[in-house]
$ cat query06.csv   # CSV, C-alpha atoms
chain,number,residue,atom,x,y,z
Y,11,MET,CA,-5.6,15.5,10.6
Y,12,LEU,CA,-6.8,18.7,9.0
Y,13,ASN,CA,-5.7,20.6,12.1
Y,14,ALA,CA,-2.2,19.1,11.7
Y,15,LEU,CA,-2.1,20.2,8.1
Y,16,ALA,CA,-3.2,23.7,9.1
Y,17,GLN,CA,-0.3,24.3,11.5
Y,18,PRO,CA,2.1,27.1,10.5
Y,19,THR,CA,4.5,25.9,7.9
Y,20,LEU,CA,7.9,25.0,9.2
Y,21,GLY,CA,11.1,25.4,7.2
Y,22,HIS,CA,12.6,22.2,5.9
Y,23,LEU,CA,15.9,22.9,7.7
Y,24,ASP,CA,14.2,24.4,10.8
Y,25,PRO,CA,15.4,22.6,14.0
Y,26,ALA,CA,11.8,22.3,15.0
Y,27,PHE,CA,11.1,20.3,11.8
Y,28,GLY,CA,14.1,18.1,12.6
Y,29,GLU,CA,12.3,17.1,15.7
Y,30,VAL,CA,9.2,16.3,13.7
Y,31,MET,CA,11.4,14.1,11.4
Y,32,GLU,CA,12.6,12.1,14.4
Y,33,GLU,CA,9.1,11.8,15.7
Y,34,VAL,CA,7.9,10.3,12.4
Y,35,ALA,CA,10.7,7.7,12.2
Y,36,GLU,CA,10.0,5.7,15.3
Y,37,PRO,CA,6.2,5.2,14.8
Y,38,LEU,CA,6.9,4.4,11.2
Y,39,ARG,CA,9.3,1.6,12.2
Y,40,ALA,CA,6.6,0.4,14.6
Y,41,THR,CA,3.9,0.4,11.9
Y,42,PHE,CA,6.2,-1.4,9.4
Y,43,ARG,CA,7.1,-3.8,12.3
Y,44,THR,CA,10.8,-3.4,11.7
Y,45,GLU,CA,13.9,-2.4,13.5
Y,46,ASN,CA,15.5,-0.8,10.4
Y,47,ARG,CA,17.2,2.5,11.1
Y,48,THR,CA,16.1,3.7,7.7
Y,49,ALA,CA,12.4,4.4,7.9
Y,50,PHE,CA,11.2,7.7,6.4
Y,51,PRO,CA,8.7,9.2,4.0
Y,52,VAL,CA,9.9,9.8,0.5
Y,53,SER,CA,8.7,13.2,-0.7
Y,54,ALA,CA,6.5,11.7,-3.4
Y,55,THR,CA,3.5,9.5,-3.8
Y,56,GLY,CA,3.7,5.7,-3.6
Y,57,SER,CA,5.0,5.5,-7.1
Y,58,GLY,CA,8.0,7.6,-5.9
Y,59,GLY,CA,8.6,4.9,-3.3
Y,60,MET,CA,8.7,2.3,-6.1
Y,61,GLN,CA,11.1,4.5,-8.0
Y,62,THR,CA,13.3,4.9,-5.0
Y,63,MET,CA,13.4,1.1,-4.6
Y,64,VAL,CA,14.2,0.4,-8.2
Y,65,ASP,CA,16.8,3.2,-8.7
Y,66,ASN,CA,18.8,2.4,-5.6
Y,67,LEU,CA,18.5,-1.4,-5.0
Y,68,ILE,CA,18.6,-2.7,-8.6
Y,69,ARG,CA,21.5,-2.4,-11.1
Y,70,PRO,CA,21.4,-2.8,-14.8
Y,71,GLY,CA,21.7,-6.5,-15.7
Y,72,ASP,CA,20.3,-7.8,-12.4
Y,73,ARG,CA,18.1,-10.8,-12.7
Y,74,VAL,CA,14.9,-9.8,-10.8
Y,75,ILE,CA,11.9,-12.0,-10.2
Y,76,CYS,CA,8.7,-10.0,-10.3
Y,77,GLY,CA,5.3,-11.2,-9.2
Y,78,VAL,CA,2.6,-10.0,-11.6
Y,79,HIS,CA,-1.1,-10.5,-10.8
Y,80,GLY,CA,-2.5,-7.0,-11.3
Y,81,LEU,CA,-1.7,-3.5,-12.4
Y,82,PHE,CA,0.9,-2.7,-9.8
Y,83,GLY,CA,2.9,-5.8,-10.5
Y,84,GLU,CA,2.8,-4.7,-14.1
Y,85,ARG,CA,4.1,-1.3,-13.2
Y,86,MET,CA,7.0,-2.7,-11.2
Y,87,ALA,CA,7.9,-5.0,-14.1
Y,88,ASP,CA,8.0,-2.0,-16.4
Y,89,ALA,CA,10.1,0.1,-13.9
Y,90,LEU,CA,12.6,-2.8,-13.6
Y,91,ALA,CA,12.9,-3.2,-17.3
Y,92,ARG,CA,13.5,0.5,-17.7
Y,93,ARG,CA,16.3,0.2,-15.1
Y,94,GLY,CA,17.9,-2.4,-17.4
Y,95,ALA,CA,17.1,-5.5,-15.2
Y,96,GLU,CA,16.5,-8.9,-16.6
Y,97,VAL,CA,12.9,-9.3,-15.5
Y,98,VAL,CA,11.6,-12.8,-14.7
Y,99,ARG,CA,7.8,-12.5,-14.5
Y,100,VAL,CA,5.9,-14.9,-12.3
Y,101,GLU,CA,2.3,-14.4,-13.2
Y,102,ALA,CA,-1.1,-15.4,-11.9
Y,103,GLU,CA,-4.5,-14.4,-13.3
Y,104,TRP,CA,-5.8,-11.0,-12.1
Y,105,GLY,CA,-7.9,-11.6,-8.9
Y,106,ARG,CA,-5.7,-14.4,-7.5
Y,107,ALA,CA,-2.6,-14.6,-5.4
Y,108,ILE,CA,0.5,-16.0,-7.0
Y,109,PRO,CA,1.1,-19.5,-5.6
Y,110,THR,CA,4.2,-19.3,-3.4
Y,111,GLU,CA,5.7,-22.4,-4.9
Y,112,ARG,CA,5.8,-20.8,-8.3
Y,113,LEU,CA,7.8,-17.8,-6.9
Y,114,VAL,CA,10.1,-20.2,-5.0
Y,115,ASP,CA,10.6,-22.3,-8.1
Y,116,ALA,CA,11.6,-19.2,-10.1
Y,117,ALA,CA,14.2,-18.5,-7.4
Y,118,ARG,CA,16.2,-21.7,-8.0
Y,119,GLU,CA,18.6,-20.0,-10.3
Y,120,PRO,CA,20.8,-17.1,-9.1
Y,121,PHE,CA,19.0,-13.8,-8.9
Y,122,ALA,CA,19.5,-10.4,-7.3
Y,123,ALA,CA,16.0,-9.6,-6.0
Y,124,LEU,CA,12.5,-10.9,-5.7
Y,125,PHE,CA,9.6,-8.3,-5.8
Y,126,VAL,CA,5.9,-8.9,-4.9
Y,127,VAL,CA,2.9,-6.6,-4.3
Y,128,HIS,CA,1.6,-7.5,-0.9
Y,129,GLY,CA,-1.7,-5.7,-1.4
Y,130,GLU,CA,-2.6,-5.6,-5.1
Y,131,THR,CA,-4.8,-2.5,-5.2
Y,132,SER,CA,-6.2,-3.3,-8.7
Y,133,THR,CA,-7.9,-6.6,-7.6
Y,134,GLY,CA,-8.1,-6.6,-3.8
Y,135,VAL,CA,-5.8,-9.5,-3.4
Y,136,ALA,CA,-3.3,-10.1,-0.6
Y,137,GLN,CA,-0.1,-11.9,-1.6
Y,138,PRO,CA,1.4,-14.3,1.0
Y,139,LEU,CA,5.1,-13.6,1.9
Y,140,ASP,CA,5.8,-17.0,3.5
Y,141,ALA,CA,8.9,-18.8,2.4
Y,142,LEU,CA,10.1,-16.0,0.1
Y,143,ALA,CA,12.9,-14.8,2.4
Y,144,GLU,CA,14.3,-18.3,2.6
Y,145,ALA,CA,14.3,-18.6,-1.2
Y,146,CYS,CA,16.1,-15.2,-1.4
Y,147,ALA,CA,18.6,-16.1,1.2
Y,148,GLN,CA,19.9,-19.1,-0.8
Y,149,HIS,CA,21.3,-16.6,-3.4
Y,150,GLY,CA,21.9,-13.5,-1.2
Y,151,ALA,CA,19.0,-11.8,-3.0
Y,152,LEU,CA,16.8,-9.1,-1.7
Y,153,LEU,CA,13.1,-9.4,-0.9
Y,154,LEU,CA,11.3,-6.3,-2.0
Y,155,VAL,CA,7.6,-5.5,-1.2
Y,156,ASP,CA,5.0,-3.0,-2.3
Y,157,CYS,CA,2.7,-2.5,0.7
Y,158,VAL,CA,0.9,0.7,-0.4
Y,159,THR,CA,-2.6,-0.6,0.4
Y,160,SER,CA,-1.8,-3.0,3.2
Y,161,LEU,CA,0.4,-1.0,5.6
Y,162,ALA,CA,-1.6,-0.4,8.8
Y,163,GLY,CA,-4.7,-2.2,7.5
Y,164,HIS,CA,-3.7,-5.8,6.8
Y,165,PRO,CA,-1.4,-8.0,8.9
Y,166,LEU,CA,2.2,-7.3,7.8
Y,167,GLU,CA,5.4,-7.7,9.8
Y,168,LEU,CA,8.4,-6.9,7.7
Y,169,ASP,CA,11.2,-8.2,9.9
Y,170,ALA,CA,9.3,-11.4,10.7
Y,171,ALA,CA,8.8,-12.0,7.0
Y,172,GLY,CA,12.4,-11.2,6.1
Y,173,VAL,CA,11.6,-8.3,3.9
Y,174,ASP,CA,14.7,-6.2,3.0
Y,175,ALA,CA,12.9,-3.1,1.7
Y,176,ALA,CA,9.4,-1.9,1.3
Y,177,PHE,CA,7.4,1.2,0.3
Y,178,SER,CA,3.9,2.4,0.9
Y,179,GLY,CA,1.7,5.4,0.5
Y,180,SER,CA,0.3,8.0,3.0
Y,181,GLN,CA,-3.2,8.1,1.6
Y,182,LYS,CA,-4.4,4.5,2.2
Y,183,CYS,CA,-4.7,2.9,5.6
Y,184,LEU,CA,-2.6,5.6,7.3
Y,185,ASN,CA,-5.6,7.9,6.5
Y,186,CYS,CA,-3.4,10.8,5.6
Y,187,PRO,CA,-3.6,12.9,2.4
Y,188,PRO,CA,-1.6,11.7,-0.6
Y,189,GLY,CA,1.9,12.9,-1.3
Y,190,LEU,CA,4.3,10.8,0.8
Y,191,ALA,CA,5.7,7.3,0.4
Y,192,PRO,CA,6.8,5.7,3.6
Y,193,PHE,CA,9.9,3.7,2.8
Y,194,THR,CA,12.2,1.4,4.8
Y,195,ALA,CA,15.3,-0.7,4.0
Y,196,ASN,CA,17.6,-2.8,6.2
Y,197,ASP,CA,21.4,-2.6,6.2
Y,198,ARG,CA,21.7,-5.5,3.8
Y,199,ALA,CA,19.6,-3.7,1.2
Y,200,LEU,CA,21.5,-0.4,1.8
Y,201,GLU,CA,24.8,-2.2,1.1
Y,202,ARG,CA,23.7,-2.5,-2.5
Y,203,VAL,CA,23.2,1.2,-3.0
Y,204,GLN,CA,26.1,2.4,-5.2
Y,205,GLY,CA,24.5,5.5,-6.8
Y,206,SER,CA,21.2,6.2,-8.3
Y,207,PRO,CA,20.5,7.2,-11.9
Y,208,SER,CA,18.0,9.6,-10.4
Y,209,TRP,CA,19.3,12.7,-8.6
Y,210,TYR,CA,16.0,13.2,-6.7
Y,211,PHE,CA,15.6,9.6,-5.5
Y,212,ASP,CA,19.3,9.0,-4.6
Y,213,LEU,CA,19.1,7.3,-1.2
Y,214,HIS,CA,22.5,8.4,-0.1
Y,215,ALA,CA,21.7,12.0,-0.6
Y,216,VAL,CA,18.2,11.8,0.8
Y,217,LEU,CA,19.3,9.9,3.9
Y,218,ASN,CA,22.0,12.6,4.5
Y,219,TYR,CA,19.0,14.9,5.0
Y,220,TRP,CA,16.7,12.5,6.9
Y,221,GLN,CA,19.1,10.8,9.3
Y,222,ALA,CA,22.4,12.5,9.1
Y,223,ASP,CA,24.3,12.5,12.4
Y,224,GLY,CA,25.5,15.9,13.6
Y,225,GLY,CA,23.5,17.9,11.0
Y,226,ARG,CA,21.2,17.5,8.1
Y,227,ALA,CA,22.5,18.1,4.6
Y,228,TYR,CA,20.1,20.0,2.4
Y,229,HIS,CA,18.8,17.8,-0.4
Y,230,HIS,CA,15.3,19.1,-1.3
Y,231,THR,CA,12.5,21.1,0.2
Y,232,ALA,CA,10.5,18.6,2.1
Y,233,PRO,CA,6.7,19.0,2.2
Y,234,THR,CA,6.8,19.9,5.9
Y,235,ASN,CA,3.0,20.3,6.4
Y,236,MET,CA,2.5,16.8,5.0
Y,237,VAL,CA,5.2,15.3,7.3
Y,238,VAL,CA,3.4,17.0,10.3
Y,239,ALA,CA,0.2,15.4,9.1
Y,240,LEU,CA,1.9,12.0,8.8
Y,241,ARG,CA,3.1,12.3,12.3
Y,242,GLU,CA,-0.5,12.8,13.5
Y,243,ALA,CA,-1.6,9.9,11.3
Y,244,LEU,CA,1.0,7.6,12.8
Y,245,ALA,CA,0.1,8.7,16.3
Y,246,ILE,CA,-3.5,7.7,15.7
Y,247,VAL,CA,-2.3,4.3,14.4
Y,248,GLN,CA,-0.2,3.8,17.5
Y,249,GLU,CA,-3.1,4.8,19.8
Y,250,GLU,CA,-5.4,2.3,18.3
Y,251,GLU,CA,-2.6,-0.3,18.1
Y,252,LEU,CA,-1.8,-2.4,15.1
Y,253,GLU,CA,-3.5,-5.7,16.0
Y,254,PRO,CA,-6.9,-4.1,16.8
Y,255,ARG,CA,-6.6,-1.9,13.7
Y,256,TRP,CA,-5.9,-5.0,11.5
Y,257,ALA,CA,-8.9,-6.7,13.1
Y,258,ARG,CA,-11.1,-3.6,12.5
Y,259,HIS,CA,-10.2,-3.6,8.8
Y,260,ALA,CA,-10.9,-7.3,8.5
Y,261,LYS,CA,-14.3,-7.0,10.2
Y,262,ALA,CA,-15.2,-4.0,8.1
Y,263,HIS,CA,-14.2,-5.9,4.9
Y,264,GLU,CA,-16.4,-8.9,5.7
Y,265,ALA,CA,-19.3,-6.7,6.9
Y,266,LEU,CA,-19.4,-4.7,3.6
Y,267,ARG,CA,-18.9,-7.9,1.5
Y,268,SER,CA,-21.9,-9.5,3.2
Y,269,ALA,CA,-24.0,-6.3,2.7
Y,270,LEU,CA,-23.1,-5.9,-1.0
Y,271,ALA,CA,-23.7,-9.6,-1.7
Y,272,GLN,CA,-27.4,-8.9,-0.8
Y,273,LEU,CA,-27.4,-6.3,-3.7
Y,274,GLY,CA,-25.8,-8.8,-6.2
Y,275,PHE,CA,-22.1,-7.9,-5.9
Y,276,GLU,CA,-19.6,-10.7,-5.8
Y,277,ARG,CA,-16.1,-10.3,-4.4
Y,278,ILE,CA,-13.3,-11.1,-6.8
Y,279,ALA,CA,-10.8,-12.5,-4.4
Y,280,PRO,CA,-11.6,-16.0,-3.1
Y,281,ASP,CA,-11.7,-16.7,0.6
Y,282,GLY,CA,-8.2,-16.6,2.1
Y,283,GLU,CA,-6.8,-14.3,-0.6
Y,284,GLN,CA,-8.7,-11.1,0.2
Y,285,LEU,CA,-7.0,-7.8,0.9
Y,286,HIS,CA,-8.9,-6.4,3.9
Y,287,PRO,CA,-8.5,-2.7,3.1
Y,288,LEU,CA,-9.9,-3.0,-0.4
Y,289,LEU,CA,-13.0,-4.8,-1.6
Y,290,ALA,CA,-13.1,-5.5,-5.3
Y,291,VAL,CA,-16.5,-6.7,-6.4
Y,292,ARG,CA,-18.0,-7.8,-9.7
Y,293,LEU,CA,-21.0,-5.7,-10.8
Y,294,PRO,CA,-24.5,-7.3,-10.9
Y,295,ASP,CA,-25.8,-8.0,-14.4
Y,296,GLY,CA,-27.2,-4.9,-16.1
Y,297,VAL,CA,-25.4,-2.3,-14.0
Y,298,ASP,CA,-23.8,0.4,-16.1
Y,299,ASP,CA,-20.4,0.9,-14.5
Y,300,ALA,CA,-19.7,4.6,-15.4
Y,301,LYS,CA,-23.3,5.7,-15.0
Y,302,ALA,CA,-23.7,4.2,-11.5
Y,303,ARG,CA,-20.3,5.5,-10.3
Y,304,GLY,CA,-21.1,8.9,-11.7
Y,305,ALA,CA,-24.4,9.0,-9.8
Y,306,LEU,CA,-22.7,8.0,-6.6
Y,307,LEU,CA,-20.2,10.8,-7.0
Y,308,HIS,CA,-22.5,13.6,-8.1
Y,309,GLU,CA,-25.6,12.7,-6.0
Y,310,HIS,CA,-23.9,11.4,-2.8
Y,311,SER,CA,-20.3,12.6,-2.9
Y,312,ILE,CA,-19.1,9.0,-2.8
Y,313,GLU,CA,-16.3,8.1,-5.1
Y,314,ILE,CA,-15.9,4.5,-6.2
Y,315,ALA,CA,-12.7,3.5,-8.1
Y,316,ALA,CA,-13.1,1.9,-11.5
Y,317,ALA,CA,-11.5,-1.4,-12.2
Y,318,SER,CA,-8.8,-2.0,-14.9
Y,319,GLY,CA,-7.3,-4.7,-17.0
Y,320,PRO,CA,-9.7,-7.7,-17.5
Y,321,PHE,CA,-12.1,-6.2,-14.9
Y,322,ALA,CA,-12.5,-2.8,-16.6
Y,323,GLY,CA,-16.2,-1.9,-16.7
Y,324,LEU,CA,-17.1,-5.1,-14.9
Y,325,ALA,CA,-16.1,-4.4,-11.3
Y,326,TRP,CA,-15.6,-1.8,-8.6
Y,327,ARG,CA,-12.8,-1.2,-6.2
Y,328,ILE,CA,-14.1,0.0,-2.8
Y,329,GLY,CA,-11.8,1.3,-0.2
Y,330,VAL,CA,-12.2,-0.2,3.2
Y,331,MET,CA,-9.4,1.7,4.9
Y,332,GLY,CA,-8.9,4.2,7.6
Y,333,GLU,CA,-12.1,6.0,8.5
Y,334,GLY,CA,-13.8,4.1,5.6
Y,335,ALA,CA,-13.4,1.0,7.7
Y,336,ARG,CA,-16.1,2.0,10.1
Y,337,GLN,CA,-19.8,1.2,10.2
Y,338,PRO,CA,-21.4,4.7,9.7
Y,339,ALA,CA,-19.4,5.3,6.5
Y,340,GLN,CA,-20.4,1.9,5.2
Y,341,GLU,CA,-24.0,2.4,6.0
Y,342,ARG,CA,-24.0,5.6,3.9
Y,343,LEU,CA,-22.4,3.7,1.0
Y,344,VAL,CA,-24.8,0.8,1.1
Y,345,ARG,CA,-27.8,3.2,1.2
Y,346,ALA,CA,-26.5,5.2,-1.7
Y,347,ILE,CA,-25.8,2.1,-3.9
Y,348,ALA,CA,-29.2,0.6,-3.2
Y,349,ARG,CA,-30.9,3.9,-4.1
Y,350,GLU,CA,-28.9,4.4,-7.4
Y,351,LEU,CA,-29.5,0.8,-8.4
Y,352,ASP,CA,-33.2,1.1,-7.5
Y,353,MET,CA,-33.0,-1.7,-4.9
Y,354,ASP,CA,-34.4,-2.2,-1.5
Y,355,GLY,CA,-31.4,-1.9,0.8
Y,356,THR,CA,-33.0,-3.2,4.0
Y,357,ILE,CA,-31.6,-6.7,3.8
Y,358,ALA,CA,-28.2,-5.3,2.9
Y,359,LEU,CA,-28.2,-2.9,5.8
Y,360,ASP,CA,-29.2,-5.7,8.1
Y,361,ALA,CA,-26.4,-7.9,6.9
Y,362,LEU,CA,-24.0,-4.9,7.4
Y,363,ALA,CA,-25.2,-4.5,11.0
Y,364,ASP,CA,-24.8,-8.2,11.7
Y,365,GLY,CA,-21.3,-8.1,10.3
Y,366,TRP,CA,-20.4,-5.3,12.8
Y,367,ALA,CA,-22.2,-6.9,15.7

$ encode --input "query06.csv" --output "structure tokens"
Amino acid sequence: MLNALAQPTLGHLDPAFGEVMEEVAEPLRATFRTENRTAFPVSATGSGGMQTMVDNLIRPGDRVICGVHGLFGERMADALARRGAEVVRVEAEWGRAIPTERLVDAAREPFAALFVVHGETSTGVAQPLDALAEACAQHGALLLVDCVTSLAGHPLELDAAGVDAAFSGSQKCLNCPPGLAPFTANDRALERVQGSPSWYFDLHAVLNYWQADGGRAYHHTAPTNMVVALREALAIVQEEELEPRWARHAKAHEALRSALAQLGFERIAPDGEQLHPLLAVRLPDGVDDAKARGALLHEHSIEIAAASGPFAGLAWRIGVMGEGARQPAQERLVRAIARELDMDGTIALDALADGWA
């Protein structure tokens, strides 16, 4: 990946970069599990992918059902309200998936779109997509999905689930540096695009650059080195293949969960609702959140994400994604946590080894 980033910088209108753009599109479709023609990386982080979705697919006055069970559902609800949508919040407590029947029940009255976070990064919960497309179809509504933390690390098949548009981020399970937001939309979703309030995220203009037939119209200076790196990341995903990659992330999640349980950490998500690429755990009694995370960072160069909302100061969010979903990286983490909490990590390391066996 670093070698890909270090390649000589291509111009954003260089024909050679045009070839790179084409070489990114097809594996991105395969990773999303979609046949959508529109599949490209927005030149922004995952939040830019969210803004692209809202600005182009939602109109002022639209009734939009928004699932909220963590920080990123809250962010989408905020973005929708700023767009002028009538936001219908369907909520669940942080750390739980939203019951499908509650989302379907909210969809009985006419609405324009239904949005859910497939992988809620703030709590480590995976949201089921079953039956949502059918509920949307009854009103000609769009099914919109945030898969920032789930793409390429948790089972997700957009076309099979009937998803109309989705966005992700390059830095999670794709194991690429941050700065790009993989985005896809089907033809039905694109029919709703009538002009964006944002010049930068206007899909019509951006797609004239990314997929124009007979020549690319200049829109912005794409981060060409990052796109080259994304091409390499997607090639690695395709080489491993999605099903084995999903299985590796699931195995890594359960192995680390078992190991940390021996040190007193409890997973927040109940069985069946866990997001494989992210393990959110409650801290053992007496552990100082900031102090312990600071020691891991400064003494071991291991960064653990703090929790937010009702779990602030009480939980950690541990990435189990990309190269972090491998046994050697997890062994290093478990040893460091045991040392900083002044615990014997032997049993935890044995549990980790058993999980990988």

$ closest_atom_pairs --input "query06.csv" --of "region 289-330 of chain Y" --to "region 122-131 of chain Y" --cutoff "12 Å" --atoms "all atoms listed in the file" --output "tab-separated table"
residue	atom	partner	partner_atom	distance
Y:Leu289	CA	Y:Thr131	CA	9.2
Y:Ala290	CA	Y:Thr131	CA	8.8
Y:Ala315	CA	Y:Thr131	CA	10.3
Y:Ala316	CA	Y:Thr131	CA	11.3
Y:Ala317	CA	Y:Thr131	CA	9.8
Y:Ser318	CA	Y:Thr131	CA	10.5
Y:Trp326	CA	Y:Thr131	CA	11.3
Y:Arg327	CA	Y:Thr131	CA	8.2
Y:Ile328	CA	Y:Thr131	CA	9.9
Y:Gly329	CA	Y:Thr131	CA	9.4
Y:Val330	CA	Y:Thr131	CA	11.4

$ closest_residue --input "query06.csv" --among "Y:Gly365, Y:Pro138, Y:Gly80, Y:Gly274" --to "Leu113 (chain Y)" --atoms "all atoms listed in the file"
Y:Pro138

$ closest_residue --input "query06.csv" --among "Y:Arg258, Y:Arg336, Y:Arg106, Y:Arg241" --to "Leu184 (chain Y)" --atoms "all atoms listed in the file"
Y:Arg241

$ atom_distance --input "query06.csv" --atom1 "CA of Asn235 (chain Y)" --atom2 "CA of Leu15 (chain Y)"
5.4 Å

$ atom_distance --input "query06.csv" --atom1 "CA of Leu351 (chain Y)" --atom2 "CA of Asp299 (chain Y)"
11.0 Å

$ closest_residue --input "query06.csv" --among "Y:Cys146, Y:Ala102, Y:Cys183, Y:Leu285" --to "Val158 (chain Y)" --atoms "all atoms listed in the file"
Y:Cys183

$ residues_around --input "query06.csv" --residues "Leu23 (chain Y)" --least-positions-apart "4" --cutoff "8 Å" --atoms "only C-alpha atoms" --output "list of chain:residue names"
Y:Phe27, Y:Gly28, Y:Arg226, Y:Tyr228

$ atom_distance --input "query06.csv" --atom1 "CA of Gln61 (chain Y)" --atom2 "CA of Arg43 (chain Y)"
22.3 Å

$ residues_around --input "query06.csv" --residues "Trp209 (chain Y)" --least-positions-apart "3" --cutoff "12 Å" --atoms "all atoms listed in the file" --output "list in words"
Gln61, Thr62, Asp65, Asn66, Gly205, Ser206, Asp212, Leu213, His214, Ala215, Val216, His229 and His230 of chain Y

$ closest_residue --input "query06.csv" --among "Y:Val238, Y:Val297, Y:Ala257, Y:Ala322" --to "Ile347 (chain Y)" --atoms "all atoms listed in the file"
Y:Val297

$ residues_around --input "query06.csv" --residues "Phe121 (chain Y)" --least-positions-apart "6" --cutoff "10 Å" --atoms "all atoms listed in the file" --output "number ranges by chain"
Y: 72-75, 96, 98, 146, 148-152

$ residues_around --input "query06.csv" --residues "region 190-199 of chain Y" --least-positions-apart "2" --cutoff "6 Å" --atoms "all atoms listed in the file" --output "list in words"
Asn46, Thr48, Ala49, Phe50, Pro51, Val52, Ser53, Ala54, Thr55, Gly56, Gly59, Asp174, Ala175, Ala176, Phe177, Ser178, Gly179, Ser180, Glu201 and Arg202 of chain Y

$ residues_around --input "query06.csv" --residues "Ile278 (chain Y)" --least-positions-apart "3" --cutoff "9 Å" --atoms "all atoms listed in the file" --output "JSON, numbers by chain"
{"Y": [105, 106, 133, 134, 135, 284, 289, 290, 291, 292, 325]}

$ write_last_selection --input "query06.csv" --atoms "C-alpha atoms" --output "PDB file, in the frame of the given file"
ATOM      1  CA  GLY Y 105      -7.900 -11.600  -8.900  1.00  0.00           C
ATOM      2  CA  ARG Y 106      -5.700 -14.400  -7.500  1.00  0.00           C
ATOM      3  CA  THR Y 133      -7.900  -6.600  -7.600  1.00  0.00           C
ATOM      4  CA  GLY Y 134      -8.100  -6.600  -3.800  1.00  0.00           C
ATOM      5  CA  VAL Y 135      -5.800  -9.500  -3.400  1.00  0.00           C
ATOM      6  CA  GLN Y 284      -8.700 -11.100   0.200  1.00  0.00           C
ATOM      7  CA  LEU Y 289     -13.000  -4.800  -1.600  1.00  0.00           C
ATOM      8  CA  ALA Y 290     -13.100  -5.500  -5.300  1.00  0.00           C
ATOM      9  CA  VAL Y 291     -16.500  -6.700  -6.400  1.00  0.00           C
ATOM     10  CA  ARG Y 292     -18.000  -7.800  -9.700  1.00  0.00           C
ATOM     11  CA  ALA Y 325     -16.100  -4.400 -11.300  1.00  0.00           C
TER      12      ALA Y 325
END

$ closest_residue --input "query06.csv" --among "Y:Leu293, Y:Ala279, Y:Asp169, Y:Ala260" --to "Gln137 (chain Y)" --atoms "all atoms listed in the file"
Y:Ala279

$ closest_residue --input "query06.csv" --among "Y:Pro37, Y:Gly332, Y:Pro338, Y:Gly323" --to "Cys186 (chain Y)" --atoms "all atoms listed in the file"
Y:Gly332

$ build_atoms --input "query06.csv" --residues "region 277-288 of chain Y" --atoms "N, CA and C atoms" --output "PDB file, keeping the file's coordinate frame"
ATOM      1  N   ARG Y 277     -17.512 -10.646  -4.536  1.00  0.00           N
ATOM      2  CA  ARG Y 277     -16.100 -10.300  -4.400  1.00  0.00           C
ATOM      3  C   ARG Y 277     -15.243 -11.102  -5.356  1.00  0.00           C
ATOM      4  N   ILE Y 278     -14.246 -10.430  -5.894  1.00  0.00           N
ATOM      5  CA  ILE Y 278     -13.300 -11.100  -6.800  1.00  0.00           C
ATOM      6  C   ILE Y 278     -12.397 -12.030  -6.157  1.00  0.00           C
ATOM      7  N   ALA Y 279     -11.759 -11.614  -5.097  1.00  0.00           N
ATOM      8  CA  ALA Y 279     -10.800 -12.500  -4.400  1.00  0.00           C
ATOM      9  C   ALA Y 279     -11.483 -13.622  -3.715  1.00  0.00           C
ATOM     10  N   PRO Y 280     -10.969 -14.838  -3.876  1.00  0.00           N
ATOM     11  CA  PRO Y 280     -11.600 -16.000  -3.100  1.00  0.00           C
ATOM     12  C   PRO Y 280     -11.229 -15.882  -1.668  1.00  0.00           C
ATOM     13  N   ASP Y 281     -11.954 -16.634  -0.873  1.00  0.00           N
ATOM     14  CA  ASP Y 281     -11.700 -16.700   0.600  1.00  0.00           C
ATOM     15  C   ASP Y 281     -10.241 -17.034   0.820  1.00  0.00           C
ATOM     16  N   GLY Y 282      -9.615 -16.292   1.726  1.00  0.00           N
ATOM     17  CA  GLY Y 282      -8.200 -16.600   2.100  1.00  0.00           C
ATOM     18  C   GLY Y 282      -7.230 -15.734   1.301  1.00  0.00           C
ATOM     19  N   GLU Y 283      -7.667 -15.102   0.204  1.00  0.00           N
ATOM     20  CA  GLU Y 283      -6.800 -14.300  -0.600  1.00  0.00           C
ATOM     21  C   GLU Y 283      -7.178 -12.816  -0.610  1.00  0.00           C
ATOM     22  N   GLN Y 284      -8.186 -12.458   0.187  1.00  0.00           N
ATOM     23  CA  GLN Y 284      -8.700 -11.100   0.200  1.00  0.00           C
ATOM     24  C   GLN Y 284      -7.797 -10.121   0.883  1.00  0.00           C
ATOM     25  N   LEU Y 285      -7.721  -8.925   0.342  1.00  0.00           N
ATOM     26  CA  LEU Y 285      -7.000  -7.800   0.900  1.00  0.00           C
ATOM     27  C   LEU Y 285      -8.008  -7.003   1.748  1.00  0.00           C
ATOM     28  N   HIS Y 286      -7.863  -6.982   3.062  1.00  0.00           N
ATOM     29  CA  HIS Y 286      -8.900  -6.400   3.900  1.00  0.00           C
ATOM     30  C   HIS Y 286      -9.173  -4.910   3.604  1.00  0.00           C
ATOM     31  N   PRO Y 287      -8.171  -4.079   3.315  1.00  0.00           N
ATOM     32  CA  PRO Y 287      -8.500  -2.700   3.100  1.00  0.00           C
ATOM     33  C   PRO Y 287      -9.100  -2.318   1.762  1.00  0.00           C
ATOM     34  N   LEU Y 288      -9.278  -3.288   0.887  1.00  0.00           N
ATOM     35  CA  LEU Y 288      -9.900  -3.000  -0.400  1.00  0.00           C
ATOM     36  C   LEU Y 288     -10.773  -4.126  -0.849  1.00  0.00           C
TER      37      LEU Y 288
END
